[in-house]
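So this block is entry_34.txt, compact mmCIF, C-alpha atoms:
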```txt
# COMPACT_ATOMS: atom_id res chain seq x y z
CA MET L 182 230.60 -71.01 -38.07
CA PRO L 183 228.34 -69.91 -35.22
CA TRP L 184 230.05 -68.34 -32.19
CA SER L 185 228.22 -70.91 -30.04
CA GLU L 186 230.38 -73.64 -31.64
CA LEU L 187 233.62 -71.98 -30.49
CA GLY L 188 233.46 -72.92 -26.83
CA GLY L 189 231.85 -69.88 -25.27
CA ILE L 190 233.95 -67.19 -26.94
CA THR L 191 232.27 -63.80 -26.74
CA PRO L 192 233.08 -61.77 -29.86
CA ALA L 193 234.47 -58.30 -29.19
CA PHE L 194 236.77 -56.02 -31.19
CA GLY L 195 240.36 -56.68 -30.14
CA GLY L 196 239.47 -60.07 -28.66
CA LYS L 197 241.89 -62.93 -29.27
CA PHE L 198 241.58 -66.70 -29.14
CA ALA L 199 243.56 -69.75 -30.21
CA PHE L 200 242.16 -71.55 -33.25
CA ALA L 201 243.11 -74.29 -35.69
CA VAL L 202 241.18 -75.99 -38.48
CA GLN L 203 242.09 -78.83 -40.80
CA LEU L 204 240.44 -80.08 -44.00
CA ASN L 205 241.15 -83.66 -45.08
CA ASP L 206 240.68 -84.93 -48.65
CA ASN L 207 239.62 -88.57 -48.54
CA ASP L 208 237.78 -90.13 -51.46
CA GLY L 209 237.46 -93.49 -49.73
CA GLN L 210 240.99 -94.82 -50.08
CA GLY L 211 242.70 -92.96 -47.28
CA ARG L 212 243.74 -89.36 -46.99
CA ALA L 213 245.06 -88.04 -50.29
CA ALA L 214 245.80 -84.51 -49.10
CA TYR L 215 245.08 -82.05 -46.33
CA MET L 216 245.40 -78.38 -45.56
CA ASN L 217 245.25 -76.57 -42.27
CA TRP L 218 245.40 -73.19 -40.66
CA GLY L 219 246.80 -72.64 -37.22
CA GLY L 220 248.73 -75.88 -36.77
CA GLY L 221 248.68 -78.03 -33.67
CA ILE L 222 246.21 -80.62 -35.03
CA SER L 223 248.27 -83.08 -37.07
CA PRO L 224 250.26 -85.22 -36.58
CA ALA L 225 249.56 -84.57 -32.88
CA TRP L 226 247.08 -82.48 -30.87
CA ILE L 227 249.18 -79.61 -29.46
CA PRO L 228 246.97 -76.62 -28.54
CA ALA L 229 250.06 -74.52 -27.75
CA ASN L 230 250.75 -74.54 -31.53
CA PHE L 231 247.32 -73.22 -32.53
CA GLY L 232 247.15 -69.95 -34.43
CA VAL L 233 245.83 -66.78 -32.80
CA VAL L 234 242.73 -65.08 -34.20
CA THR L 235 242.37 -61.37 -33.44
CA LEU L 236 238.95 -59.82 -34.03
CA LEU L 237 239.20 -56.53 -35.89
CA GLU L 238 236.64 -53.87 -36.69
```
Now that the file is in, can you turn its structure into structure tokens?
Amino acid sequence: MPWSELGGITPAFGGKFAFAVQLNDNDGQGRAAYMNWGGGISPAWIPANFGVVTLLE
């Protein structure tokens, strides 16, 4: 994922930002399964529940 897609985050060692991602499995008959990292996306959008990414060297 390009840094430009992350809302202007400038990568730097020790930098931190909130992040969440969700993958939905839908073969055309509704969602069969999903997995996420960070939380705060489903069932409701709650950015305060996003995970924290810390950039390490």
Please identify all polymer residues lying at most 12 Å from the point (245.8, -74.3, -31.9) (file coordinates), using only C-alpha atoms, and present the result as a PyMOL selection string. chain L and resi 198-203+217-223+225-234
Could you pull the residues within 10 Å of Ala193 (chain L), counting all atoms listed in the file, minus those fewer than 4 positions along the same chain, as a list of chain:residue names? L:Lys197, L:Thr235, L:Leu236, L:Leu237, L:Glu238
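In this model, the gap between CA of Leu204 (chain L) and CA of Gly188 (chain L) comes to 19.9 Å.
Reported to one decimal place, the separation of CA of Asn207 (chain L) from CA of Ser185 (chain L) is 28.0 Å.
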As JSON, what would the box around region 226-238 of chain L look like: edges along x, y and z, 3 Å added on every side, centre and edge lengths in Å to one decimal?
```
{"center_x": 243.7, "center_y": -68.2, "center_z": -32.2, "size_x": 20.1, "size_y": 34.6, "size_z": 14.9}
```
